[in-house]
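Data file: final-v7.pdb. Format and content: PDB, C-alpha atoms and all ligand atoms.
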```
ATOM      1  CA  MET A1177      15.071 -43.153  17.974  1.00  0.00           C
ATOM      2  CA  ARG A1178      15.079 -42.681  14.172  1.00  0.00           C
ATOM      3  CA  ILE A1179      14.543 -39.870  11.694  1.00  0.00           C
ATOM      4  CA  LEU A1180      10.826 -39.843  10.744  1.00  0.00           C
ATOM      5  CA  HIS A1181      10.542 -36.919   8.343  1.00  0.00           C
ATOM      6  CA  THR A1182      11.783 -33.548   7.205  1.00  0.00           C
ATOM      7  CA  MET A1183       9.087 -30.872   6.915  1.00  0.00           C
ATOM      8  CA  LEU A1184       9.171 -28.430   4.026  1.00  0.00           C
ATOM      9  CA  ARG A1185       6.709 -25.551   3.704  1.00  0.00           C
ATOM     10  CA  VAL A1186       5.579 -25.381   0.073  1.00  0.00           C
ATOM     11  CA  GLY A1187       3.700 -22.742  -1.923  1.00  0.00           C
ATOM     12  CA  ASN A1188       1.771 -25.083  -4.214  1.00  0.00           C
ATOM     13  CA  LEU A1189       1.051 -28.552  -2.853  1.00  0.00           C
ATOM     14  CA  GLU A1190      -0.098 -30.101  -6.124  1.00  0.00           C
ATOM     15  CA  LYS A1191       3.028 -28.844  -7.913  1.00  0.00           C
ATOM     16  CA  SER A1192       5.277 -30.189  -5.134  1.00  0.00           C
ATOM     17  CA  ILE A1193       3.530 -33.566  -5.015  1.00  0.00           C
ATOM     18  CA  ALA A1194       3.892 -33.824  -8.805  1.00  0.00           C
ATOM     19  CA  PHE A1195       7.618 -33.019  -8.587  1.00  0.00           C
ATOM     20  CA  TYR A1196       8.423 -35.487  -5.819  1.00  0.00           C
ATOM     21  CA  THR A1197       6.330 -38.289  -7.336  1.00  0.00           C
ATOM     22  CA  GLU A1198       6.636 -37.822 -11.110  1.00  0.00           C
ATOM     23  CA  VAL A1199      10.166 -36.349 -11.321  1.00  0.00           C
ATOM     24  CA  LEU A1200      11.852 -37.983  -8.301  1.00  0.00           C
ATOM     25  CA  GLY A1201       9.836 -41.211  -8.230  1.00  0.00           C
ATOM     26  CA  MET A1202       8.491 -40.952  -4.684  1.00  0.00           C
ATOM     27  CA  LYS A1203       5.087 -42.212  -3.583  1.00  0.00           C
ATOM     28  CA  LEU A1204       2.361 -40.024  -2.080  1.00  0.00           C
ATOM     29  CA  LEU A1205       2.009 -41.901   1.228  1.00  0.00           C
ATOM     30  CA  ARG A1206      -0.769 -39.878   2.898  1.00  0.00           C
ATOM     31  CA  GLN A1207      -2.381 -36.484   2.889  1.00  0.00           C
ATOM     32  CA  SER A1208      -4.391 -34.677   5.547  1.00  0.00           C
ATOM     33  CA  GLU A1209      -6.093 -31.325   6.031  1.00  0.00           C
ATOM     34  CA  ASN A1210      -6.391 -29.268   9.190  1.00  0.00           C
ATOM     35  CA  PRO A1211      -9.251 -26.836   8.504  1.00  0.00           C
ATOM     36  CA  GLU A1212      -9.065 -25.355  11.984  1.00  0.00           C
ATOM     37  CA  TYR A1213      -5.474 -24.209  11.477  1.00  0.00           C
ATOM     38  CA  LYS A1214      -5.792 -23.898   7.695  1.00  0.00           C
ATOM     39  CA  TYR A1215      -3.041 -26.197   6.444  1.00  0.00           C
ATOM     40  CA  THR A1216      -2.656 -29.392   4.471  1.00  0.00           C
ATOM     41  CA  LEU A1217       0.079 -32.014   4.869  1.00  0.00           C
ATOM     42  CA  ALA A1218       1.303 -34.445   2.221  1.00  0.00           C
ATOM     43  CA  PHE A1219       3.830 -37.136   3.091  1.00  0.00           C
ATOM     44  CA  VAL A1220       6.008 -38.373   0.232  1.00  0.00           C
ATOM     45  CA  GLY A1221       8.815 -40.906   0.179  1.00  0.00           C
ATOM     46  CA  TYR A1222      10.258 -44.138  -1.211  1.00  0.00           C
ATOM     47  CA  GLY A1223       8.680 -46.449   1.313  1.00  0.00           C
ATOM     48  CA  ASP A1224       6.409 -46.825   4.273  1.00  0.00           C
ATOM     49  CA  GLU A1225       6.964 -44.498   7.213  1.00  0.00           C
ATOM     50  CA  SER A1226       7.327 -47.500   9.489  1.00  0.00           C
ATOM     51  CA  SER A1227      10.831 -48.008   8.110  1.00  0.00           C
ATOM     52  CA  ASN A1228      11.649 -45.015   5.876  1.00  0.00           C
ATOM     53  CA  ALA A1229      12.336 -41.363   6.601  1.00  0.00           C
ATOM     54  CA  VAL A1230      10.010 -39.255   4.429  1.00  0.00           C
ATOM     55  CA  LEU A1231       9.233 -35.664   3.492  1.00  0.00           C
ATOM     56  CA  GLU A1232       6.311 -33.799   5.047  1.00  0.00           C
ATOM     57  CA  LEU A1233       5.137 -31.176   2.568  1.00  0.00           C
ATOM     58  CA  THR A1234       3.209 -28.505   4.431  1.00  0.00           C
ATOM     59  CA  TYR A1235       0.878 -26.129   2.622  1.00  0.00           C
ATOM     60  CA  ASN A1236      -0.457 -23.189   4.617  1.00  0.00           C
ATOM     61  CA  TRP A1237      -3.674 -22.154   2.911  1.00  0.00           C
ATOM     62  CA  GLY A1238      -3.188 -18.973   0.898  1.00  0.00           C
ATOM     63  CA  VAL A1239       0.605 -18.827   1.362  1.00  0.00           C
ATOM     64  CA  ASP A1240       2.212 -19.313  -2.051  1.00  0.00           C
ATOM     65  CA  SER A1241       5.877 -18.595  -1.350  1.00  0.00           C
ATOM     66  CA  TYR A1242       8.505 -18.462   1.388  1.00  0.00           C
ATOM     67  CA  ASP A1243      11.851 -16.766   1.896  1.00  0.00           C
ATOM     68  CA  LEU A1244      14.127 -19.805   2.144  1.00  0.00           C
ATOM     69  CA  GLY A1245      16.870 -17.804   3.833  1.00  0.00           C
ATOM     70  CA  SER A1246      20.504 -18.916   3.885  1.00  0.00           C
ATOM     71  CA  ALA A1247      20.511 -21.560   6.616  1.00  0.00           C
ATOM     72  CA  PHE A1248      18.808 -24.566   5.064  1.00  0.00           C
ATOM     73  CA  GLY A1249      21.180 -26.750   3.027  1.00  0.00           C
ATOM     74  CA  HIS A1250      19.642 -29.689   1.216  1.00  0.00           C
ATOM     75  CA  ILE A1251      17.994 -33.047   1.372  1.00  0.00           C
ATOM     76  CA  ALA A1252      20.108 -35.877  -0.072  1.00  0.00           C
ATOM     77  CA  LEU A1253      18.864 -38.825  -2.138  1.00  0.00           C
ATOM     78  CA  GLU A1254      20.909 -41.891  -3.037  1.00  0.00           C
ATOM     79  CA  VAL A1255      20.927 -42.815  -6.743  1.00  0.00           C
ATOM     80  CA  GLU A1256      22.498 -45.748  -8.604  1.00  0.00           C
ATOM     81  CA  ASN A1257      24.094 -43.503 -11.230  1.00  0.00           C
ATOM     82  CA  VAL A1258      24.014 -39.725 -10.858  1.00  0.00           C
ATOM     83  CA  TYR A1259      24.550 -39.095 -14.588  1.00  0.00           C
ATOM     84  CA  ASP A1260      21.609 -41.289 -15.567  1.00  0.00           C
ATOM     85  CA  ALA A1261      19.497 -39.808 -12.786  1.00  0.00           C
ATOM     86  CA  CYS A1262      20.115 -36.280 -14.069  1.00  0.00           C
ATOM     87  CA  ASP A1263      19.238 -37.285 -17.630  1.00  0.00           C
ATOM     88  CA  LYS A1264      15.949 -38.798 -16.445  1.00  0.00           C
ATOM     89  CA  ILE A1265      15.127 -35.800 -14.231  1.00  0.00           C
ATOM     90  CA  ARG A1266      15.836 -33.363 -17.045  1.00  0.00           C
ATOM     91  CA  ALA A1267      13.676 -35.405 -19.416  1.00  0.00           C
ATOM     92  CA  LYS A1268      10.825 -35.023 -16.908  1.00  0.00           C
ATOM     93  CA  GLY A1269      11.284 -31.254 -16.728  1.00  0.00           C
ATOM     94  CA  GLY A1270      13.405 -31.104 -13.564  1.00  0.00           C
ATOM     95  CA  VAL A1271      15.999 -28.341 -13.117  1.00  0.00           C
ATOM     96  CA  ILE A1272      19.559 -29.574 -12.504  1.00  0.00           C
ATOM     97  CA  SER A1273      21.229 -26.721 -10.617  1.00  0.00           C
ATOM     98  CA  ARG A1274      24.640 -28.418 -10.250  1.00  0.00           C
ATOM     99  CA  GLU A1275      25.829 -30.759 -12.989  1.00  0.00           C
ATOM    100  CA  PRO A1276      26.874 -34.287 -11.994  1.00  0.00           C
ATOM    101  CA  GLY A1277      30.495 -34.784 -11.035  1.00  0.00           C
ATOM    102  CA  PRO A1278      32.813 -35.449  -8.114  1.00  0.00           C
ATOM    103  CA  VAL A1279      32.251 -33.377  -5.012  1.00  0.00           C
ATOM    104  CA  LYS A1280      34.802 -30.563  -4.631  1.00  0.00           C
ATOM    105  CA  GLY A1281      37.839 -32.031  -2.899  1.00  0.00           C
ATOM    106  CA  GLY A1282      36.486 -35.536  -2.979  1.00  0.00           C
ATOM    107  CA  THR A1283      35.460 -38.422  -5.179  1.00  0.00           C
ATOM    108  CA  THR A1284      31.772 -38.882  -4.399  1.00  0.00           C
ATOM    109  CA  GLU A1285      29.720 -38.267  -7.514  1.00  0.00           C
ATOM    110  CA  ILE A1286      26.947 -35.754  -6.810  1.00  0.00           C
ATOM    111  CA  ALA A1287      24.497 -33.404  -8.505  1.00  0.00           C
ATOM    112  CA  PHE A1288      21.812 -30.996  -7.310  1.00  0.00           C
ATOM    113  CA  VAL A1289      18.240 -30.456  -8.449  1.00  0.00           C
ATOM    114  CA  ARG A1290      15.846 -27.753  -7.277  1.00  0.00           C
ATOM    115  CA  ASP A1291      12.269 -28.453  -6.250  1.00  0.00           C
ATOM    116  CA  PRO A1292       9.342 -26.111  -7.130  1.00  0.00           C
ATOM    117  CA  ASP A1293      10.049 -23.933  -4.045  1.00  0.00           C
ATOM    118  CA  ASN A1294      13.782 -23.877  -4.913  1.00  0.00           C
ATOM    119  CA  TYR A1295      14.763 -26.220  -2.075  1.00  0.00           C
ATOM    120  CA  ALA A1296      18.007 -27.986  -2.992  1.00  0.00           C
ATOM    121  CA  ILE A1297      17.927 -31.765  -3.415  1.00  0.00           C
ATOM    122  CA  GLU A1298      21.332 -33.474  -3.604  1.00  0.00           C
ATOM    123  CA  LEU A1299      21.702 -36.646  -5.657  1.00  0.00           C
ATOM    124  CA  ILE A1300      24.527 -38.849  -4.355  1.00  0.00           C
ATOM    125  CA  GLN A1301      25.773 -41.805  -6.362  1.00  0.00           C
ATOM    126  CA  LYS A1302      25.556 -45.005  -4.341  1.00  0.00           C
ATOM    127  CA  LYS A1303      28.914 -46.101  -2.984  1.00  0.00           C
ATOM    128  CA  ALA A1304      30.188 -48.925  -0.839  1.00  0.00           C
ATOM    129  CA  SER A1305      31.087 -46.592   2.022  1.00  0.00           C
ATOM    130  CA  TYR A1306      30.122 -43.016   2.851  1.00  0.00           C
ATOM    131  CA  GLN A1307      33.112 -42.557   5.097  1.00  0.00           C
ATOM    132  CA  GLN A1308      34.985 -40.326   2.652  1.00  0.00           C
ATOM    133  CA  LEU A1309      33.815 -37.240   0.778  1.00  0.00           C
TER     134      LEU A1309
HETATM  135  C1  LIG B1401       2.029 -34.457  11.609  1.00  0.00           C
HETATM  136  C2  LIG B1401       3.283 -33.868  12.184  1.00  0.00           C
HETATM  137  O1  LIG B1401       4.369 -34.374  11.480  1.00  0.00           O
HETATM  138  C3  LIG B1401       3.369 -32.397  12.080  1.00  0.00           C
HETATM  139  O2  LIG B1401       4.436 -31.855  11.868  1.00  0.00           O
HETATM  140  S1  LIG B1401       1.944 -31.457  12.293  1.00  0.00           S
HETATM  141  C4  LIG B1401       2.616 -30.233  13.414  1.00  0.00           C
HETATM  142  C5  LIG B1401       1.933 -28.925  13.245  1.00  0.00           C
HETATM  143  N1  LIG B1401       2.141 -28.389  11.927  1.00  0.00           N
HETATM  144  C6  LIG B1401       1.574 -27.237  11.552  1.00  0.00           C
HETATM  145  O3  LIG B1401       0.875 -26.592  12.316  1.00  0.00           O
HETATM  146  C7  LIG B1401       1.849 -26.846  10.105  1.00  0.00           C
HETATM  147  C8  LIG B1401       1.276 -25.492   9.782  1.00  0.00           C
HETATM  148  C9  LIG B1401       2.033 -24.350  10.464  1.00  0.00           C
HETATM  149  N2  LIG B1401       1.349 -23.125  10.147  1.00  0.00           N
HETATM  150  C10 LIG B1401       3.461 -24.311   9.954  1.00  0.00           C
HETATM  151  O4  LIG B1401       3.683 -23.709   8.897  1.00  0.00           O
HETATM  152  O5  LIG B1401       4.335 -24.917  10.614  1.00  0.00           O
HETATM  153  C11 LIG B1401       2.526 -27.987  14.280  1.00  0.00           C
HETATM  154  O6  LIG B1401       3.593 -27.450  14.077  1.00  0.00           O
HETATM  155  N3  LIG B1401       1.780 -27.808  15.347  1.00  0.00           N
HETATM  156  C12 LIG B1401       2.288 -26.944  16.391  1.00  0.00           C
HETATM  157  C13 LIG B1401       1.728 -27.408  17.705  1.00  0.00           C
HETATM  158  O7  LIG B1401       2.157 -26.830  18.712  1.00  0.00           O
HETATM  159  O8  LIG B1401       0.905 -28.343  17.677  1.00  0.00           O
HETATM  160 NI    NI B1402       6.090 -33.063  11.328  1.00  0.00          NI
END
```
In structure tokens, what does this structure look like?
Amino acid sequence: MRILHTMLRVGNLEKSIAFYTEVLGMKLLRQSENPEYKYTLAFVGYGDESSNAVLELTYNWGVDSYDLGSAFGHIALEVENVYDACDKIRAKGGVISREPGPVKGGTTEIAFVRDPDNYAIELIQKKASYQQL
């Protein structure tokens, strides 16, 4: 088995596709509509679904916002340098919600950015081993 995708319900599909492609550098891999059940799916990611876990952005026609609740945490992306990544994201209009720096109680360099629906995206600086915080 392997992780195929994480599904996020989004309020504005074009806005979300623009964020994940133009701000976070993902590719729009495929898009499909289901007129019977009134929803559209857009799959975005850094590589083909045959070997990469991706995001499934789900737009329910006419639904422009969701209560995210308190259970969902974040999706994590690996970056070469979290400080550079934040500079580039800010330059493209992204919102950095947690400035880059070591994780509390650890050494891993992280930051957080919010997507158009306010889902949290964690940026984790690449490291040799992810065994420690
Ligand atoms: C393509 C595959 O990855 C899917 O997840 S499609 C599954 C399908 N999704 C929806 O119906 C999305 C719209 C829905 N209103 C929602 O917000 O979740 C699904 O969940 N189908 C249910 C089923 O029983 O087939
Ligand atoms: Ni799915």
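Between A:Ala1218 and the residues A:Asp1240, A:Glu1198, A:Glu1190, A:Asp1293, the shortest atom-to-atom distance, using all atoms listed in the file, involves A:Glu1190.
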Applied to the shown file, which residues does the PyMOL selection byres (((chain A and resi 1250) around 8) and not hetatm) return, written as a PDB file with C-alpha atoms, in the frame of the given file?
```pdb
ATOM      1  CA  PHE A1248      18.808 -24.566   5.064  1.00  0.00           C
ATOM      2  CA  GLY A1249      21.180 -26.750   3.027  1.00  0.00           C
ATOM      3  CA  ILE A1251      17.994 -33.047   1.372  1.00  0.00           C
ATOM      4  CA  ALA A1252      20.108 -35.877  -0.072  1.00  0.00           C
ATOM      5  CA  TYR A1295      14.763 -26.220  -2.075  1.00  0.00           C
ATOM      6  CA  ALA A1296      18.007 -27.986  -2.992  1.00  0.00           C
ATOM      7  CA  ILE A1297      17.927 -31.765  -3.415  1.00  0.00           C
ATOM      8  CA  GLU A1298      21.332 -33.474  -3.604  1.00  0.00           C
TER       9      GLU A1298
END
```
At most 8 Å is the cut-off: for each residue in chain A with any atom that close to an atom of ligand LIG 1401 (chain B), write down the nearest atom pair and the distance in Å rounded to one decimal, counting only C-alpha atoms and all ligand atoms, chain first then increasing number, as a tab-separated table.
```
residue	atom	partner	partner_atom	distance
A:His1181	CA	B:LIG1401	O1	7.4
A:Met1183	CA	B:LIG1401	O2	6.9
A:Arg1185	CA	B:LIG1401	O4	6.3
A:Tyr1213	CA	B:LIG1401	O3	6.8
A:Lys1214	CA	B:LIG1401	C8	7.5
A:Tyr1215	CA	B:LIG1401	C8	5.5
A:Thr1216	CA	B:LIG1401	C7	7.6
A:Leu1217	CA	B:LIG1401	C1	7.4
A:Glu1232	CA	B:LIG1401	O1	6.7
A:Thr1234	CA	B:LIG1401	C7	6.1
A:Tyr1235	CA	B:LIG1401	C8	7.2
A:Asn1236	CA	B:LIG1401	N2	5.8
```
What residues come out when you apply the PyMOL selection byres (((chain A and resi 1279) around 12) and not hetatm) to this file, written as an MDAnalysis selection string?
-> chainID A and resid 1258 1274:1278 1280:1288 1298:1301 1308:1309
Quick one: apply the PyMOL selection byres (((chain A and resi 1291) around 10) and not hetatm) to the file and drop the selected residues here as a list in words.
->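 This file gives the following for the PyMOL selection byres (((chain A and resi 1291) around 10) and not hetatm): Val1186, Lys1191, Ser1192, Phe1195, Tyr1196, Val1199, Leu1200, Gly1270, Val1271, Ile1272, Phe1288, Val1289, Arg1290, Pro1292, Asp1293, Asn1294, Tyr1295, Ala1296 and Ile1297 of chain A.
Closest approach to ligand NI 1402 (chain B) from the set A:Cys1262, A:Gly1221, A:Leu1231, A:Leu1204 is made by A:Leu1231, with distances taken over all atoms listed in the file.
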Option closest in space to ligand NI 1402 (chain B), from A:Thr1182, A:Ser1273, A:Ser1241, A:Gln1307 [counting all atoms listed in the file] =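 Checking each of A:Thr1182, A:Ser1273, A:Ser1241, A:Gln1307 against ligand NI 1402 (chain B), counting all atoms listed in the file, the winner is A:Thr1182.
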Grab the atom CA of A:Glu1212 to atom CA of A:Gly1238 distance for me, in Å with one decimal place.
->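 Answer for the atom CA of A:Glu1212 to atom CA of A:Gly1238 separation: 14.1 Å.
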Find the distance between atom CA of A:Met1202 and atom CA of A:Gly1187 and write it in Å to one decimal.
->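 Separation between atom CA of A:Met1202 and atom CA of A:Gly1187: 19.0 Å.
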